[in-house]
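Structure first, then comments.
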Amino acid sequence: MKQYDVIIIGGGAAGFFAAINIAEQYNNLKVAILERGKEVLTKVKVSGGGRCNVTHAEFIPQELTQYYPRGEKELLGPFHTFMTGDTMEWFENRGIPLKIEEDGRIFPVTNSSKTIIDCFLNEAKKHQVEVLTNQSVTRFQSVKDKWEVNTKTDQFSSEKLIVATGSNPKIWSFLEVLGHTIVKPVPSLFTFNITDDRIKDIPGVVAHNVTVKVVDSHLESSGPLLITHWGMSAPSILKLSAFGALELAKKNYKFNIEINFVNQDYDTVLLVLKDCKQEFSKKTVVNYAQFDLPKRLWRTLVLAASITEDTKWAEVNKLQLDNLSKQLTKAVFKVDGKSTFKEEFVTAGGVDLKEINFKNYQSKLHDNLYLVGEIINVDAVTGGFNFQNAWTGAYIVANNLYQ
């Protein structure tokens with residue numbers, strides 16, 4: 001049996017960040033990462049389209065927590081200890097300059113996730129963290145004040161055990177055996193599948209400031225909306241998918257959404273359209289886009305309002321104006337299923353938050369067992385927030401391991 005002081009199950013973002021920070025602080029400890037795959041940090045590699053969106057430019061803890069549909073209340077304390085500014089400083093102290101993009105996402109200046117992966121691998125090597133791949137865990141249990149971990153090929157023992165395996169059903173089942181409650185996982189970050197003539201021929205079009213509501217529910221979000229070959233995506237949809245993860249799963253991902261493409265109410269829009277009728281009387285409606293809408297989107301909504309290609313503004317009747325105002329402010333689309341957002345597999349679910357002490361991320365059921373990252377029932381909208389949860393939890397574990 002191989003003996004260590006600290007074993008970390010999971011060679012992802014949270015696992016590496018915990019290992020490096022522990023080994024840096026306690027250079028006399030033997031620390032090992034057990035990774036079931038052939039490669040480590042695979043999720044870091046694909047994040048942000050291969051650029052690695054390390055965190056988000058939100059620097060007030062209370063405001064940062066708003067991006068977490070599950071974990072908002074619990075993360076407030078941890079974020080007071082370690083959050084966005086600390087993450088930026090951590091990387092910059094290790095020679096990795098970061099940049100803030102217009103939408104608030106933060107990336108390495110190199111625009112490559114390899115920069116972050118190399119940083120982690122170099123730091124792990126420098127601080128003598130053992131990284132063991134192809135170690136698929138088959139069991140872990142507490143035996144006489146030690147944690148014993150069995151893999152398909154080896155046996156390990158350590159005083160401290162950190163589980164950072166992300167959304168892993170097998171590891172969740174092991175934790176259930178230890179008495180932990182697992183909140184059933186459901187997808188949390190996904191795009192909407194929609195087949196509709198209004199959007200069939202305009203993939204790639206972006207409406208920059210829309211409001212999307214799920215009909216017959218309290219769910220609502222706003223932001224950019226992207227028309228895709230399979231339906232709709234971008235922040236307004238992804239936010240809705242995250243905050244509505246449980247409710248939309250119950251609906252089996254079949255529901256209606258109502259979209260306000262112009263973020264103005266029906267009556268205001270109707271008045272503007274009536275003004276257009278007077279002001280642009282000789283111009284064709286389809287060719288004279290209003291409300292800063294993309295021309296292709298404007299055209300398809302005009303046609304959906306039963307206004308033909310060659311209709312001039314002066315010829316538009318009251319019913320057509322009413323229809324167009326509705327298409328712009330209350331357009332209903334039928335969602336029939338979901339698709340994964342890029343390669344970012346995020347789930348709601350995991351170890352019940354009531355069973356974790358957020359001062360140190362230790363299990364309330366077992367001493368010296370720590371749970372960080374997406375193994376617990378915390379998830380976030382897209383934009384670097386899931387990584388920030390990983391960095392924060394891992395850092396706090398490292399700083400409270402022997403408190």
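Quick note on naming: the chains in the structure tokens go A, B, ... in the order shown, residues restart at 1 in each chain, and ligands are numbered from 1 in order of appearance.
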
| query | Neighbours of A:Gly11 within 9 Å (only C-alpha atoms; same-chain residues fewer than 2 positions away dropped), as JSON, numbers by chain? | reply | {"A": [8, 9, 13, 14, 15, 16, 33, 34, 35, 36, 37, 39, 40, 41, 42, 131, 132, 133, 164, 165]}

| message | Would you pick out the contacts of A:Ser47 at 12 Å or less, using only C-alpha atoms, so that residues sharing its chain but fewer than 5 positions from it are not included, and give the list as a ChimeraX atom specification? | response | /A:12-13,41-42,52-55,105-108,111-114,116-117,341-346,382-387

| message | Please identify the strand (DSSP E) residues within stretch 76-305 of chain A (assignment by DSSP from backbone atoms) and present them as an MDAnalysis selection string. | response | chainID A and resid 98:100 105:108 130:132 137:143 146:151 155:163 182:187 190:193 206:214 220:227 231:233 254:260

Kindly export the residues of the current selection with C-alpha atoms, as an mmCIF file, in the first residue's frame.
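Output contents, as saved in again-v5.cif:
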```cif
data_model
loop_
_atom_site.group_PDB
_atom_site.id
_atom_site.type_symbol
_atom_site.label_atom_id
_atom_site.label_comp_id
_atom_site.auth_asym_id
_atom_site.auth_seq_id
_atom_site.Cartn_x
_atom_site.Cartn_y
_atom_site.Cartn_z
ATOM 1 C CA LEU A 98 -4.398 37.623 -17.701
ATOM 2 C CA LYS A 99 -6.696 39.971 -19.637
ATOM 3 C CA ILE A 100 -10.300 41.048 -19.123
ATOM 4 C CA ARG A 105 -14.554 36.987 -19.171
ATOM 5 C CA ILE A 106 -10.917 36.654 -18.138
ATOM 6 C CA PHE A 107 -8.355 34.709 -20.208
ATOM 7 C CA PRO A 108 -4.596 34.258 -20.286
ATOM 8 C CA GLU A 130 2.899 13.087 -7.717
ATOM 9 C CA VAL A 131 0.464 12.980 -10.628
ATOM 10 C CA LEU A 132 -0.699 9.407 -11.219
ATOM 11 C CA VAL A 137 -10.849 4.504 -8.149
ATOM 12 C CA THR A 138 -12.916 1.458 -7.142
ATOM 13 C CA ARG A 139 -13.400 2.275 -3.443
ATOM 14 C CA PHE A 140 -12.355 4.553 -0.607
ATOM 15 C CA GLN A 141 -13.015 4.106 3.096
ATOM 16 C CA SER A 142 -11.897 5.323 6.490
ATOM 17 C CA VAL A 143 -9.778 2.796 8.386
ATOM 18 C CA LYS A 146 -6.582 6.910 7.629
ATOM 19 C CA TRP A 147 -8.276 6.959 4.264
ATOM 20 C CA GLU A 148 -7.679 3.892 2.136
ATOM 21 C CA VAL A 149 -8.193 4.311 -1.586
ATOM 22 C CA ASN A 150 -8.314 1.365 -3.981
ATOM 23 C CA THR A 151 -7.895 1.742 -7.740
ATOM 24 C CA GLN A 155 -3.869 0.606 -3.086
ATOM 25 C CA PHE A 156 -3.190 3.943 -1.399
ATOM 26 C CA SER A 157 -3.431 5.307 2.114
ATOM 27 C CA SER A 158 -3.454 8.907 3.398
ATOM 28 C CA GLU A 159 -4.417 10.984 6.398
ATOM 29 C CA LYS A 160 -6.318 13.530 4.274
ATOM 30 C CA LEU A 161 -8.549 12.760 1.291
ATOM 31 C CA ILE A 162 -9.801 15.423 -1.128
ATOM 32 C CA VAL A 163 -12.429 14.463 -3.700
ATOM 33 C CA ILE A 182 -26.513 13.155 -3.454
ATOM 34 C CA VAL A 183 -28.841 15.637 -5.129
ATOM 35 C CA LYS A 184 -29.797 13.977 -8.426
ATOM 36 C CA PRO A 185 -27.793 15.540 -11.274
ATOM 37 C CA VAL A 186 -29.466 17.268 -14.227
ATOM 38 C CA PRO A 187 -27.817 19.216 -17.072
ATOM 39 C CA PHE A 190 -27.412 23.827 -22.511
ATOM 40 C CA THR A 191 -28.823 25.380 -25.660
ATOM 41 C CA PHE A 192 -32.422 25.085 -26.854
ATOM 42 C CA ASN A 193 -33.472 22.962 -29.832
ATOM 43 C CA VAL A 206 -27.213 37.733 -32.947
ATOM 44 C CA ALA A 207 -29.832 39.905 -31.233
ATOM 45 C CA HIS A 208 -27.842 41.827 -28.647
ATOM 46 C CA ASN A 209 -30.361 42.697 -25.964
ATOM 47 C CA VAL A 210 -33.349 40.387 -25.620
ATOM 48 C CA THR A 211 -35.511 39.161 -22.754
ATOM 49 C CA VAL A 212 -36.477 35.487 -22.747
ATOM 50 C CA LYS A 213 -39.226 34.014 -20.540
ATOM 51 C CA VAL A 214 -40.312 30.436 -20.090
ATOM 52 C CA GLU A 220 -36.657 34.893 -17.172
ATOM 53 C CA SER A 221 -33.288 36.160 -18.366
ATOM 54 C CA SER A 222 -31.851 38.811 -20.640
ATOM 55 C CA GLY A 223 -28.756 39.393 -22.737
ATOM 56 C CA PRO A 224 -27.525 38.464 -26.228
ATOM 57 C CA LEU A 225 -29.288 35.704 -28.164
ATOM 58 C CA LEU A 226 -27.693 33.689 -30.972
ATOM 59 C CA ILE A 227 -29.710 31.886 -33.663
ATOM 60 C CA GLY A 231 -32.203 26.586 -32.340
ATOM 61 C CA MET A 232 -30.971 29.226 -29.912
ATOM 62 C CA SER A 233 -27.909 29.839 -27.724
ATOM 63 C CA LYS A 254 -40.288 20.546 -23.950
ATOM 64 C CA PHE A 255 -41.754 23.994 -23.255
ATOM 65 C CA ASN A 256 -42.533 27.370 -24.835
ATOM 66 C CA ILE A 257 -40.468 30.524 -24.539
ATOM 67 C CA GLU A 258 -41.573 34.097 -25.151
ATOM 68 C CA ILE A 259 -38.944 36.451 -26.539
ATOM 69 C CA ASN A 260 -38.887 40.227 -26.467
#
```

| task | Between A:Gln66, A:Gln320, A:Ser339, A:Asn400, single out the one closest to A:Lys359, counting only C-alpha atoms. | result | A:Asn400

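Proximity to A:Asn357 was assessed for A:Val269, A:Tyr402, A:Ser281, A:Pro78 counting only C-alpha atoms; the smallest distance is recorded for A:Pro78.
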
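Non-sequential neighbours of stretch 375-378 of chain A (distance at most 6 Å, separation of 4 or more positions within a chain, only C-alpha atoms) are Arg70, Gly71, Gly166, Ser167, Gly349, Gly350, Val351 and Asp352 of chain A.
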
| request: Enumerate, as a ChimeraX atom specification, the complete set of residues in stretch 121-352 of chain A that a backbone-based DSSP assignment places in helix (DSSP H, G or I). | output: /A:121-126,169-177,235-243,245-250,266-279,295-304,313-315,318-329

| message | Would you compute the distance between atom CA of A:Thr311 and atom CA of A:Thr284? Give it in Å to one decimal. | response | 5.5 Å

| task | May I ask which of the residues A:Glu123, A:Asp322, A:Glu58, A:Asp197 is the closest one to A:Asp103, counting only C-alpha atoms? | result | A:Glu58

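Taking atom CA of A:Ala304 and atom CA of A:Val215 as the two end points, the separation is 20.1 Å.
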
| task | Could you tell me how far atom CA of A:Ala314 lies from atom CA of A:Leu293, in Å and to one decimal? | result | 21.0 Å

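The smallest atom-to-atom distance between A:Lys144 and any of A:Asp367, A:Ala124, A:Asp118, A:Leu324, using only C-alpha atoms, is found for A:Asp367.
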
| Within 6 Å of A:Tyr370, counting only C-alpha atoms, which residues qualify if same-chain residues fewer than 2 places away don't, as a ChimeraX atom specification? | /A:162,361-363

| said: I need the residue nearest A:Gln3 from this list: A:Leu29, A:Met83, A:Val285, A:Val46. Use only C-alpha atoms for the distance. | reply: A:Leu29

| note | Using only C-alpha atoms, the residue out of A:Thr308, A:Asn368, A:Pro169, A:Gln388 with shortest distance to A:Asp86 is A:Gln388
